[in-house]
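Raw my_file.cif, mmCIF, C-alpha atoms (C1' of nucleotides):
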```cif
data_query
#
loop_
_atom_site.group_PDB
_atom_site.id
_atom_site.type_symbol
_atom_site.label_atom_id
_atom_site.label_comp_id
_atom_site.auth_asym_id
_atom_site.auth_seq_id
_atom_site.Cartn_x
_atom_site.Cartn_y
_atom_site.Cartn_z
ATOM 1 C CA MET A 1136 12.802 -8.281 17.755
ATOM 2 C CA LEU A 1137 12.458 -4.840 16.242
ATOM 3 C CA PRO A 1138 12.644 -3.286 13.729
ATOM 4 C CA ILE A 1139 10.189 -4.368 11.084
ATOM 5 C CA THR A 1140 9.342 -3.018 7.648
ATOM 6 C CA GLU A 1141 5.938 -2.120 6.268
ATOM 7 C CA ASP A 1142 6.309 -4.883 3.696
ATOM 8 C CA GLU A 1143 6.813 -7.518 6.339
ATOM 9 C CA ILE A 1144 3.906 -6.121 8.342
ATOM 10 C CA ALA A 1145 1.774 -6.481 5.234
ATOM 11 C CA LEU A 1146 2.802 -10.118 4.850
ATOM 12 C CA ILE A 1147 2.114 -11.011 8.477
ATOM 13 C CA HIS A 1148 -1.209 -9.267 8.252
ATOM 14 C CA ARG A 1149 -2.226 -10.912 5.025
ATOM 15 C CA TYR A 1150 -1.175 -14.427 5.979
ATOM 16 C CA VAL A 1151 -2.007 -14.796 9.640
ATOM 17 C CA CYS A 1152 -3.836 -11.786 11.010
ATOM 18 C CA GLU A 1153 -6.449 -11.949 8.284
ATOM 19 C CA GLY A 1154 -6.580 -15.697 8.867
ATOM 20 C CA ILE A 1155 -7.269 -15.586 12.595
ATOM 21 C CA GLY A 1156 -9.114 -12.292 12.306
ATOM 22 C CA ASP A 1157 -12.594 -13.772 12.277
ATOM 23 C CA PRO A 1158 -14.157 -15.651 15.218
ATOM 24 C CA LYS A 1159 -15.457 -18.399 12.967
ATOM 25 C CA ARG A 1160 -12.042 -18.959 11.455
ATOM 26 C CA LEU A 1161 -10.389 -18.991 14.859
ATOM 27 C CA MET A 1162 -12.869 -21.633 15.945
ATOM 28 C CA LEU A 1163 -12.167 -23.605 12.768
ATOM 29 C CA LEU A 1164 -8.463 -23.560 13.589
ATOM 30 C CA TYR A 1165 -9.126 -24.923 17.077
ATOM 31 C CA LEU A 1166 -11.451 -27.585 15.708
ATOM 32 C CA VAL A 1167 -9.050 -28.903 13.089
ATOM 33 C CA ALA A 1168 -6.157 -28.667 15.562
ATOM 34 C CA ASP A 1169 -7.975 -31.068 17.843
ATOM 35 C CA GLN A 1170 -8.244 -33.556 14.974
ATOM 36 C CA PRO A 1171 -8.702 -33.389 11.208
ATOM 37 C CA ARG A 1172 -12.345 -32.815 10.294
ATOM 38 C CA ASN A 1173 -14.322 -32.621 7.091
ATOM 39 C CA VAL A 1174 -16.561 -29.780 5.967
ATOM 40 C CA THR A 1175 -19.763 -31.453 7.060
ATOM 41 C CA GLU A 1176 -18.471 -31.918 10.593
ATOM 42 C CA LEU A 1177 -17.179 -28.364 10.716
ATOM 43 C CA THR A 1178 -20.472 -26.994 9.417
ATOM 44 C CA LYS A 1179 -22.363 -28.747 12.208
ATOM 45 C CA ALA A 1180 -19.905 -27.465 14.802
ATOM 46 C CA LEU A 1181 -20.058 -23.843 13.666
ATOM 47 C CA ASP A 1182 -23.796 -23.301 13.203
ATOM 48 C CA VAL A 1183 -23.461 -21.470 9.891
ATOM 49 C CA ALA A 1184 -24.280 -22.405 6.305
ATOM 50 C CA GLN A 1185 -21.945 -24.759 4.478
ATOM 51 C CA PRO A 1186 -20.850 -22.187 1.861
ATOM 52 C CA THR A 1187 -19.769 -19.946 4.701
ATOM 53 C CA VAL A 1188 -17.581 -22.685 6.117
ATOM 54 C CA SER A 1189 -16.103 -23.385 2.699
ATOM 55 C CA HIS A 1190 -15.379 -19.696 2.308
ATOM 56 C CA HIS A 1191 -13.522 -19.526 5.609
ATOM 57 C CA LEU A 1192 -11.649 -22.739 4.884
ATOM 58 C CA ARG A 1193 -10.547 -21.342 1.562
ATOM 59 C CA ILE A 1194 -9.083 -18.306 3.280
ATOM 60 C CA LEU A 1195 -7.262 -20.497 5.798
ATOM 61 C CA ARG A 1196 -6.029 -22.813 3.038
ATOM 62 C CA GLU A 1197 -4.774 -20.051 0.757
ATOM 63 C CA ARG A 1198 -2.802 -18.593 3.661
ATOM 64 C CA GLY A 1199 -1.201 -21.894 4.549
ATOM 65 C CA LEU A 1200 -2.855 -22.128 7.961
ATOM 66 C CA VAL A 1201 -4.618 -25.420 7.260
ATOM 67 C CA THR A 1202 -4.041 -28.375 4.959
ATOM 68 C CA ALA A 1203 -6.698 -30.215 2.978
ATOM 69 C CA ARG A 1204 -6.664 -33.932 2.219
ATOM 70 C CA ARG A 1205 -9.335 -35.655 0.178
ATOM 71 C CA GLU A 1206 -10.656 -38.927 1.542
ATOM 72 C CA GLY A 1207 -13.376 -40.352 -0.668
ATOM 73 C CA ALA A 1208 -16.023 -37.744 -1.187
ATOM 74 C CA SER A 1209 -14.982 -35.824 1.896
ATOM 75 C CA ILE A 1210 -12.123 -33.400 2.386
ATOM 76 C CA TYR A 1211 -10.402 -33.406 5.731
ATOM 77 C CA TYR A 1212 -8.842 -30.212 7.007
ATOM 78 C CA ALA A 1213 -6.005 -30.114 9.522
ATOM 79 C CA LEU A 1214 -3.910 -27.449 11.223
ATOM 80 C CA ALA A 1215 -0.855 -26.766 9.091
ATOM 81 C CA ASP A 1216 1.544 -25.821 11.896
ATOM 82 C CA PRO A 1217 1.242 -26.045 15.693
ATOM 83 C CA ARG A 1218 2.932 -22.669 16.114
ATOM 84 C CA ILE A 1219 -0.185 -20.933 14.838
ATOM 85 C CA LEU A 1220 -2.261 -21.903 17.849
ATOM 86 C CA GLU A 1221 0.726 -21.749 20.184
ATOM 87 C CA ALA A 1222 0.854 -18.050 19.413
ATOM 88 C CA VAL A 1223 -2.880 -17.720 19.910
ATOM 89 C CA GLU A 1224 -2.577 -19.499 23.251
ATOM 90 C CA VAL A 1225 -0.116 -16.846 24.418
ATOM 91 C CA LEU A 1226 -2.641 -14.202 23.495
ATOM 92 C CA ARG A 1227 -5.350 -16.230 25.187
ATOM 93 C CA ASP A 1228 -3.401 -16.128 28.456
ATOM 94 C CA PHE A 1229 -2.882 -12.418 28.037
ATOM 95 C CA VAL A 1230 -6.601 -11.790 27.582
ATOM 96 C CA ALA A 1231 -7.500 -13.970 30.546
ATOM 97 C CA GLU A 1232 -5.145 -12.001 32.785
ATOM 98 C CA LEU A 1233 -6.297 -8.675 31.413
ATOM 99 C CA LEU A 1234 -9.946 -9.409 32.095
ATOM 100 C CA HIS A 1235 -9.071 -10.653 35.547
ATOM 101 C CA LYS A 1236 -7.257 -7.411 36.323
ATOM 102 C CA ARG A 1237 -10.079 -5.280 34.955
ATOM 103 C CA ALA A 1238 -12.601 -7.210 37.025
ATOM 104 C CA SER A 1239 -10.485 -6.602 40.139
ATOM 105 C CA VAL A 1240 -10.420 -2.882 39.516
ATOM 106 C CA LEU A 1241 -14.186 -2.756 39.211
ATOM 107 C CA ASN A 1242 -14.698 -4.648 42.458
ATOM 108 C CA ARG A 1243 -12.532 -2.413 44.594
ATOM 109 C CA PRO A 1244 -14.242 -0.763 47.605
ATOM 110 C CA MET B 592 -4.521 -26.602 24.732
ATOM 111 C CA LEU B 593 -7.938 -27.529 23.434
ATOM 112 C CA PRO B 594 -10.852 -27.306 23.919
ATOM 113 C CA ILE B 595 -12.139 -23.771 23.768
ATOM 114 C CA THR B 596 -15.611 -22.259 23.984
ATOM 115 C CA GLU B 597 -17.245 -19.823 21.595
ATOM 116 C CA ASP B 598 -17.335 -17.257 24.365
ATOM 117 C CA GLU B 599 -13.602 -17.424 24.892
ATOM 118 C CA ILE B 600 -13.036 -17.296 21.146
ATOM 119 C CA ALA B 601 -15.122 -14.128 21.090
ATOM 120 C CA LEU B 602 -12.994 -12.568 23.826
ATOM 121 C CA ILE B 603 -9.690 -13.434 22.168
ATOM 122 C CA HIS B 604 -11.018 -12.096 18.907
ATOM 123 C CA ARG B 605 -12.345 -8.893 20.397
ATOM 124 C CA TYR B 606 -9.314 -8.089 22.505
ATOM 125 C CA VAL B 607 -6.316 -9.148 20.465
ATOM 126 C CA CYS B 608 -7.273 -10.312 16.983
ATOM 127 C CA GLU B 609 -9.187 -7.135 16.300
ATOM 128 C CA GLY B 610 -6.283 -5.229 17.827
ATOM 129 C CA ILE B 611 -3.562 -6.683 15.645
ATOM 130 C CA GLY B 612 -5.956 -7.163 12.728
ATOM 131 C CA ASP B 613 -5.011 -4.013 10.858
ATOM 132 C CA PRO B 614 -1.584 -3.359 9.321
ATOM 133 C CA LYS B 615 -1.457 0.162 10.705
ATOM 134 C CA ARG B 616 -2.203 -1.038 14.202
ATOM 135 C CA LEU B 617 0.363 -3.796 13.962
ATOM 136 C CA MET B 618 2.926 -1.205 12.940
ATOM 137 C CA LEU B 619 1.860 1.003 15.838
ATOM 138 C CA LEU B 620 2.450 -1.886 18.233
ATOM 139 C CA TYR B 621 5.949 -2.398 16.880
ATOM 140 C CA LEU B 622 6.699 1.316 17.055
ATOM 141 C CA VAL B 623 5.604 1.744 20.663
ATOM 142 C CA ALA B 624 7.300 -1.523 21.622
ATOM 143 C CA ASP B 625 10.595 -0.081 20.455
ATOM 144 C CA GLN B 626 10.089 2.889 22.737
ATOM 145 C CA PRO B 627 7.154 4.977 23.994
ATOM 146 C CA ARG B 628 6.095 7.514 21.397
ATOM 147 C CA ASN B 629 3.552 10.318 21.241
ATOM 148 C CA VAL B 630 0.829 10.758 18.646
ATOM 149 C CA THR B 631 2.741 13.297 16.606
ATOM 150 C CA GLU B 632 5.701 10.956 16.235
ATOM 151 C CA LEU B 633 3.451 8.024 15.371
ATOM 152 C CA THR B 634 1.558 10.086 12.812
ATOM 153 C CA LYS B 635 4.806 10.961 11.060
ATOM 154 C CA ALA B 636 5.927 7.330 11.104
ATOM 155 C CA LEU B 637 2.687 5.950 9.672
ATOM 156 C CA ASP B 638 1.986 8.372 6.828
ATOM 157 C CA VAL B 639 -1.710 8.731 7.612
ATOM 158 C CA ALA B 640 -3.805 11.577 9.032
ATOM 159 C CA GLN B 641 -3.630 12.243 12.756
ATOM 160 C CA PRO B 642 -7.291 11.330 13.424
ATOM 161 C CA THR B 643 -6.634 7.955 11.871
ATOM 162 C CA VAL B 644 -3.761 7.355 14.256
ATOM 163 C CA SER B 645 -5.879 8.458 17.208
ATOM 164 C CA HIS B 646 -8.593 6.083 16.082
ATOM 165 C CA HIS B 647 -6.220 3.130 15.942
ATOM 166 C CA LEU B 648 -4.645 4.063 19.259
ATOM 167 C CA ARG B 649 -8.062 4.183 20.833
ATOM 168 C CA ILE B 650 -8.770 0.639 19.669
ATOM 169 C CA LEU B 651 -5.426 -0.560 21.030
ATOM 170 C CA ARG B 652 -5.962 1.279 24.309
ATOM 171 C CA GLU B 653 -9.495 0.020 24.878
ATOM 172 C CA ARG B 654 -8.290 -3.531 24.376
ATOM 173 C CA GLY B 655 -5.430 -3.151 26.809
ATOM 174 C CA LEU B 656 -2.715 -3.628 24.193
ATOM 175 C CA VAL B 657 -1.068 -0.259 24.816
ATOM 176 C CA THR B 658 -0.829 2.136 27.737
ATOM 177 C CA ALA B 659 -1.092 5.928 27.550
ATOM 178 C CA ARG B 660 0.774 8.348 29.767
ATOM 179 C CA ARG B 661 0.389 12.092 29.556
ATOM 180 C CA GLU B 662 3.587 14.135 29.576
ATOM 181 C CA GLY B 663 2.866 17.835 29.261
ATOM 182 C CA ALA B 664 0.713 18.404 26.218
ATOM 183 C CA SER B 665 1.773 15.112 24.663
ATOM 184 C CA ILE B 666 0.551 11.615 25.361
ATOM 185 C CA TYR B 667 3.065 8.816 25.163
ATOM 186 C CA TYR B 668 1.915 5.364 24.164
ATOM 187 C CA ALA B 669 3.745 2.171 25.117
ATOM 188 C CA LEU B 670 3.261 -1.547 24.619
ATOM 189 C CA ALA B 671 1.209 -2.915 27.497
ATOM 190 C CA ASP B 672 2.683 -6.418 27.582
ATOM 191 C CA PRO B 673 5.669 -7.966 25.788
ATOM 192 C CA ARG B 674 3.749 -11.204 25.190
ATOM 193 C CA ILE B 675 1.654 -9.463 22.571
ATOM 194 C CA LEU B 676 4.537 -9.041 20.159
ATOM 195 C CA GLU B 677 6.186 -12.268 21.279
ATOM 196 C CA ALA B 678 3.149 -14.041 19.884
ATOM 197 C CA VAL B 679 3.316 -11.988 16.710
ATOM 198 C CA GLU B 680 6.987 -12.853 16.337
ATOM 199 C CA VAL B 681 6.096 -16.554 16.353
ATOM 200 C CA LEU B 682 3.643 -15.901 13.554
ATOM 201 C CA ARG B 683 6.253 -13.802 11.792
ATOM 202 C CA ASP B 684 8.630 -16.772 11.758
ATOM 203 C CA PHE B 685 5.867 -18.999 10.501
ATOM 204 C CA VAL B 686 5.096 -16.665 7.608
ATOM 205 C CA ALA B 687 8.763 -16.305 6.705
ATOM 206 C CA GLU B 688 9.143 -20.088 6.510
ATOM 207 C CA LEU B 689 5.910 -20.509 4.614
ATOM 208 C CA LEU B 690 6.899 -18.012 1.939
ATOM 209 C CA HIS B 691 10.323 -19.603 1.711
ATOM 210 C CA LYS B 692 8.769 -23.014 1.110
ATOM 211 C CA ARG B 693 6.330 -21.669 -1.437
ATOM 212 C CA ALA B 694 9.157 -19.926 -3.285
ATOM 213 C CA SER B 695 11.130 -23.183 -3.351
ATOM 214 C CA VAL B 696 8.206 -25.027 -4.896
ATOM 215 C CA LEU B 697 7.911 -22.435 -7.614
ATOM 216 C CA ASN B 698 11.608 -22.602 -8.448
ATOM 217 C CA ARG B 699 11.794 -26.372 -8.869
ATOM 218 C CA PRO B 700 13.038 -27.634 -12.267
ATOM 219 C "C1'" DT C 736 -25.269 -43.673 -16.412
ATOM 220 C "C1'" DC C 737 -28.133 -42.290 -12.708
ATOM 221 C "C1'" DT C 738 -28.516 -40.925 -7.878
ATOM 222 C "C1'" DA C 739 -27.032 -39.314 -3.576
ATOM 223 C "C1'" DC C 740 -23.800 -37.057 -0.976
ATOM 224 C "C1'" DA C 741 -19.786 -33.756 -0.172
ATOM 225 C "C1'" DT C 742 -17.639 -29.594 -1.225
ATOM 226 C "C1'" DA C 743 -16.704 -25.380 -3.974
ATOM 227 C "C1'" DT C 744 -18.061 -21.285 -6.469
ATOM 228 C "C1'" DC C 745 -21.108 -17.450 -7.829
ATOM 229 C "C1'" DG C 746 -23.802 -13.504 -6.938
ATOM 230 C "C1'" DA C 747 -26.329 -10.431 -4.100
ATOM 231 C "C1'" DT C 748 -27.077 -8.326 0.306
ATOM 232 C "C1'" DA C 749 -26.008 -6.879 4.826
ATOM 233 C "C1'" DT C 750 -22.694 -5.344 7.908
ATOM 234 C "C1'" DA C 751 -18.409 -3.663 9.529
ATOM 235 C "C1'" DT C 752 -14.196 -1.038 9.076
ATOM 236 C "C1'" DT C 753 -10.988 2.348 7.545
ATOM 237 C "C1'" DT C 754 -10.136 6.960 6.492
ATOM 238 C "C1'" DG C 755 -9.857 12.000 6.825
ATOM 239 C "C1'" DA C 756 -11.971 16.783 7.021
ATOM 240 C "C1'" DA C 757 -13.961 19.547 10.382
ATOM 241 C "C1'" DT C 758 -14.241 20.479 14.971
ATOM 242 C "C1'" DG C 759 -13.831 20.055 20.014
ATOM 243 C "C1'" DT C 760 -10.918 19.537 24.225
ATOM 244 C "C1'" DC C 761 -6.878 19.866 26.951
ATOM 245 C "C1'" DT C 762 -2.298 21.787 28.151
ATOM 246 C "C1'" DT C 763 1.363 25.100 28.178
ATOM 247 C "C1'" DG C 764 3.442 29.634 27.844
ATOM 248 C "C1'" DC C 765 2.842 34.386 27.541
ATOM 249 C "C1'" DG D 698 -7.343 35.103 29.449
ATOM 250 C "C1'" DC D 699 -5.484 34.143 24.927
ATOM 251 C "C1'" DA D 700 -2.928 31.817 21.333
ATOM 252 C "C1'" DA D 701 -0.705 27.721 19.751
ATOM 253 C "C1'" DG D 702 0.269 23.026 19.753
ATOM 254 C "C1'" DA D 703 -1.216 18.124 20.821
ATOM 255 C "C1'" DC D 704 -4.676 14.941 20.855
ATOM 256 C "C1'" DA D 705 -9.594 13.199 20.697
ATOM 257 C "C1'" DT D 706 -14.172 12.986 18.705
ATOM 258 C "C1'" DT D 707 -17.767 13.401 15.208
ATOM 259 C "C1'" DC D 708 -19.521 12.456 10.831
ATOM 260 C "C1'" DA D 709 -19.704 10.920 6.119
ATOM 261 C "C1'" DA D 710 -17.798 8.404 2.283
ATOM 262 C "C1'" DA D 711 -15.253 4.684 0.524
ATOM 263 C "C1'" DT D 712 -13.854 0.140 0.998
ATOM 264 C "C1'" DA D 713 -13.828 -4.412 2.661
ATOM 265 C "C1'" DT D 714 -15.905 -8.484 4.663
ATOM 266 C "C1'" DA D 715 -19.292 -11.978 6.105
ATOM 267 C "C1'" DT D 716 -23.165 -14.447 4.974
ATOM 268 C "C1'" DC D 717 -26.155 -17.475 2.442
ATOM 269 C "C1'" DG D 718 -29.301 -19.115 -1.497
ATOM 270 C "C1'" DA D 719 -28.648 -21.043 -5.811
ATOM 271 C "C1'" DT D 720 -25.847 -23.660 -8.442
ATOM 272 C "C1'" DA D 721 -21.750 -26.095 -10.162
ATOM 273 C "C1'" DT D 722 -18.219 -29.626 -9.545
ATOM 274 C "C1'" DG D 723 -16.520 -33.846 -7.846
ATOM 275 C "C1'" DT D 724 -16.928 -38.615 -5.803
ATOM 276 C "C1'" DA D 725 -18.862 -43.166 -4.792
ATOM 277 C "C1'" DG D 726 -21.911 -46.791 -5.439
ATOM 278 C "C1'" DA D 727 -25.738 -49.313 -7.782
#
```
Let me see the structure of the file written as structure tokens.
Amino acid sequence: MLPITEDEIALIHRYVCEGIGDPKRLMLLYLVADQPRNVTELTKALDVAQPTVSHHLRILRERGLVTARREGASIYYALADPRILEAVEVLRDFVAELLHKRASVLNRP
Amino acid sequence: MLPITEDEIALIHRYVCEGIGDPKRLMLLYLVADQPRNVTELTKALDVAQPTVSHHLRILRERGLVTARREGASIYYALADPRILEAVEVLRDFVAELLHKRASVLNRP
DNA sequence: TCTACATATCGATATATTTGAATGTCTTGC
DNA sequence: GCAAGACATTCAAATATATCGATATGTAGA
């Protein structure tokens, strides 16, 4: 695995870490992974203003994390690559275990 | 995989996305994954002030991404779980492919 | 072309984050 | 106990980011 250069770190950070680095964007990724959705649907699901959703979608689009396909007046967004959320799922398991362990420690007699 | 709740999104974000969400911290994770290192060594490797390194290490420690073990006057940090960087490596591959594809598009006749 | 709807962009504000100088705390060796 | 090295914390400044109202652009249908 190792080593890695600062340049490559910068690329990973810019393309994916910045992409998944906001809770709203992470939720957007899960939503469009389930099935392609347009901005109106995503705005309703996220409980934020539409420009905010467009802003987040732009960030995801520019970084290649989602694809956009126009269909009539709507634009449907989809997850660009399943590996993105596969990686997040690994981290999800890690967090679940971590919190479980920490809870156990707190409950010890 | 799906679905996911906003609460779980918040936990994943807080514990791992925030952790790997800074280039310096990502580099720290790679450095301590290679082998446990103390703050002095990490400060030299990162080219930032020592308080900055301590700050980043604190964030990684609080989120359970690294462990700290005192050895004399030094404190050695290590990667808490290999899955953390395994997930990052998946994203690293994704980014490498993405940039390769984008470069190909640009170079088409 | 006019209207209604869908999405993107602009601009301003609020909030969060990174950074390092100064300083405090802990450990070791004398 | 004291001095020196290693690390953490505090605080302030700089920077970045999220958010949304207002507005522009694009699309479809009458």
Selection dump of the PyMOL selection byres ((chain A and resi 1154-1157) around 8), as a PDB file with C-alpha atoms, in the coordinates of the input:
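Wrote expr00.pdb, looks like this:
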```pdb
ATOM      1  CA  ARG A1149      -2.226 -10.912   5.025  1.00  0.00           C
ATOM      2  CA  TYR A1150      -1.175 -14.427   5.979  1.00  0.00           C
ATOM      3  CA  VAL A1151      -2.007 -14.796   9.640  1.00  0.00           C
ATOM      4  CA  CYS A1152      -3.836 -11.786  11.010  1.00  0.00           C
ATOM      5  CA  GLU A1153      -6.449 -11.949   8.284  1.00  0.00           C
ATOM      6  CA  PRO A1158     -14.157 -15.651  15.218  1.00  0.00           C
ATOM      7  CA  LYS A1159     -15.457 -18.399  12.967  1.00  0.00           C
ATOM      8  CA  ARG A1160     -12.042 -18.959  11.455  1.00  0.00           C
ATOM      9  CA  LEU A1161     -10.389 -18.991  14.859  1.00  0.00           C
ATOM     10  CA  ILE A1194      -9.083 -18.306   3.280  1.00  0.00           C
ATOM     11  CA  LEU A1195      -7.262 -20.497   5.798  1.00  0.00           C
ATOM     12  CA  ARG A1198      -2.802 -18.593   3.661  1.00  0.00           C
ATOM     13  CA  LEU A1200      -2.855 -22.128   7.961  1.00  0.00           C
TER      14      LEU A1200
ATOM     15  CA  HIS B 604     -11.018 -12.096  18.907  1.00  0.00           C
ATOM     16  CA  CYS B 608      -7.273 -10.312  16.983  1.00  0.00           C
ATOM     17  CA  GLU B 609      -9.187  -7.135  16.300  1.00  0.00           C
ATOM     18  CA  GLY B 612      -5.956  -7.163  12.728  1.00  0.00           C
TER      19      GLY B 612
END
```
For the PyMOL selection byres ((chain B) within 8 of (chain A)), applied here, can you spell out every residue it catches as a PDB file with C-alpha atoms, keeping the file's coordinate frame?
```pdb
ATOM      1  CA  MET B 592      -4.521 -26.602  24.732  1.00  0.00           C
ATOM      2  CA  LEU B 593      -7.938 -27.529  23.434  1.00  0.00           C
ATOM      3  CA  PRO B 594     -10.852 -27.306  23.919  1.00  0.00           C
ATOM      4  CA  ILE B 595     -12.139 -23.771  23.768  1.00  0.00           C
ATOM      5  CA  GLU B 597     -17.245 -19.823  21.595  1.00  0.00           C
ATOM      6  CA  ILE B 600     -13.036 -17.296  21.146  1.00  0.00           C
ATOM      7  CA  ALA B 601     -15.122 -14.128  21.090  1.00  0.00           C
ATOM      8  CA  LEU B 602     -12.994 -12.568  23.826  1.00  0.00           C
ATOM      9  CA  ILE B 603      -9.690 -13.434  22.168  1.00  0.00           C
ATOM     10  CA  HIS B 604     -11.018 -12.096  18.907  1.00  0.00           C
ATOM     11  CA  TYR B 606      -9.314  -8.089  22.505  1.00  0.00           C
ATOM     12  CA  VAL B 607      -6.316  -9.148  20.465  1.00  0.00           C
ATOM     13  CA  CYS B 608      -7.273 -10.312  16.983  1.00  0.00           C
ATOM     14  CA  GLU B 609      -9.187  -7.135  16.300  1.00  0.00           C
ATOM     15  CA  ILE B 611      -3.562  -6.683  15.645  1.00  0.00           C
ATOM     16  CA  GLY B 612      -5.956  -7.163  12.728  1.00  0.00           C
ATOM     17  CA  ASP B 613      -5.011  -4.013  10.858  1.00  0.00           C
ATOM     18  CA  PRO B 614      -1.584  -3.359   9.321  1.00  0.00           C
ATOM     19  CA  LEU B 617       0.363  -3.796  13.962  1.00  0.00           C
ATOM     20  CA  MET B 618       2.926  -1.205  12.940  1.00  0.00           C
ATOM     21  CA  TYR B 621       5.949  -2.398  16.880  1.00  0.00           C
ATOM     22  CA  ASP B 625      10.595  -0.081  20.455  1.00  0.00           C
ATOM     23  CA  GLY B 655      -5.430  -3.151  26.809  1.00  0.00           C
ATOM     24  CA  ARG B 674       3.749 -11.204  25.190  1.00  0.00           C
ATOM     25  CA  ILE B 675       1.654  -9.463  22.571  1.00  0.00           C
ATOM     26  CA  ALA B 678       3.149 -14.041  19.884  1.00  0.00           C
ATOM     27  CA  VAL B 679       3.316 -11.988  16.710  1.00  0.00           C
ATOM     28  CA  GLU B 680       6.987 -12.853  16.337  1.00  0.00           C
ATOM     29  CA  VAL B 681       6.096 -16.554  16.353  1.00  0.00           C
ATOM     30  CA  LEU B 682       3.643 -15.901  13.554  1.00  0.00           C
ATOM     31  CA  ARG B 683       6.253 -13.802  11.792  1.00  0.00           C
ATOM     32  CA  PHE B 685       5.867 -18.999  10.501  1.00  0.00           C
ATOM     33  CA  VAL B 686       5.096 -16.665   7.608  1.00  0.00           C
ATOM     34  CA  LEU B 689       5.910 -20.509   4.614  1.00  0.00           C
TER      35      LEU B 689
END
```
What would the selection look like, as a list in words, if the PyMOL selection byres ((chain D and resi 726) around 12) were run on the coordinates I just shared?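 Here the PyMOL selection byres ((chain D and resi 726) around 12) matches Gly1207 and Ala1208 of chain A; DT736, DC737, DT738, DA739 and DC740 of chain C; DT724, DA725 and DA727 of chain D.
Residues in contact with A:Val1183 at up to 12 Å, not including ones fewer than 2 positions away on its chain and judged by only C-alpha atoms (C1' of nucleotides), are Lys1159, Arg1160, Leu1163, Val1174, Thr1175, Glu1176, Leu1177, Thr1178, Lys1179, Ala1180, Leu1181, Gln1185, Pro1186, Thr1187, Val1188, Ser1189, His1190 and His1191 of chain A; DA715, DT716 and DC717 of chain D.
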For chain C, which residues have at least one atom within 9 Å of chain A, if we go by all atoms listed in the file? Write them as a list of chain:residue names, please. C:DC740, C:DA741, C:DT742, C:DA743, C:DT744
Add whatever atoms are absent from stretch 1155-1169 of chain A to reach N, CA and C atoms, and provide the output as a short mmCIF file (atom, residue, chain, number, x, y, z; two decimals), in the frame of the given file.
```cif
data_model
loop_
_atom_site.label_atom_id
_atom_site.label_comp_id
_atom_site.auth_asym_id
_atom_site.auth_seq_id
_atom_site.Cartn_x
_atom_site.Cartn_y
_atom_site.Cartn_z
N ILE A 1155 -6.67 -15.41 11.27
CA ILE A 1155 -7.27 -15.59 12.60
C ILE A 1155 -8.18 -14.43 12.95
N GLY A 1156 -8.40 -13.52 12.02
CA GLY A 1156 -9.11 -12.29 12.31
C GLY A 1156 -10.63 -12.39 12.27
N ASP A 1157 -11.14 -13.58 12.23
CA ASP A 1157 -12.59 -13.77 12.28
C ASP A 1157 -12.89 -14.87 13.29
N PRO A 1158 -13.88 -14.66 14.16
CA PRO A 1158 -14.16 -15.65 15.22
C PRO A 1158 -14.44 -17.04 14.66
N LYS A 1159 -15.13 -17.10 13.55
CA LYS A 1159 -15.46 -18.40 12.97
C LYS A 1159 -14.19 -19.10 12.49
N ARG A 1160 -13.29 -18.34 11.92
CA ARG A 1160 -12.04 -18.96 11.46
C ARG A 1160 -11.18 -19.39 12.63
N LEU A 1161 -11.17 -18.61 13.68
CA LEU A 1161 -10.39 -18.99 14.86
C LEU A 1161 -10.94 -20.30 15.43
N MET A 1162 -12.26 -20.40 15.46
CA MET A 1162 -12.87 -21.63 15.94
C MET A 1162 -12.53 -22.79 15.02
N LEU A 1163 -12.54 -22.55 13.73
CA LEU A 1163 -12.17 -23.60 12.77
C LEU A 1163 -10.75 -24.09 13.04
N LEU A 1164 -9.85 -23.17 13.32
CA LEU A 1164 -8.46 -23.56 13.59
C LEU A 1164 -8.39 -24.45 14.82
N TYR A 1165 -9.13 -24.09 15.87
CA TYR A 1165 -9.13 -24.92 17.08
C TYR A 1165 -9.75 -26.29 16.80
N LEU A 1166 -10.78 -26.31 16.00
CA LEU A 1166 -11.45 -27.58 15.71
C LEU A 1166 -10.55 -28.54 14.92
N VAL A 1167 -9.89 -28.01 13.90
CA VAL A 1167 -9.05 -28.90 13.09
C VAL A 1167 -7.71 -29.18 13.77
N ALA A 1168 -7.37 -28.38 14.78
CA ALA A 1168 -6.16 -28.67 15.56
C ALA A 1168 -6.40 -29.86 16.48
N ASP A 1169 -7.60 -29.95 16.98
CA ASP A 1169 -7.98 -31.07 17.84
C ASP A 1169 -7.83 -32.37 17.07
#
```
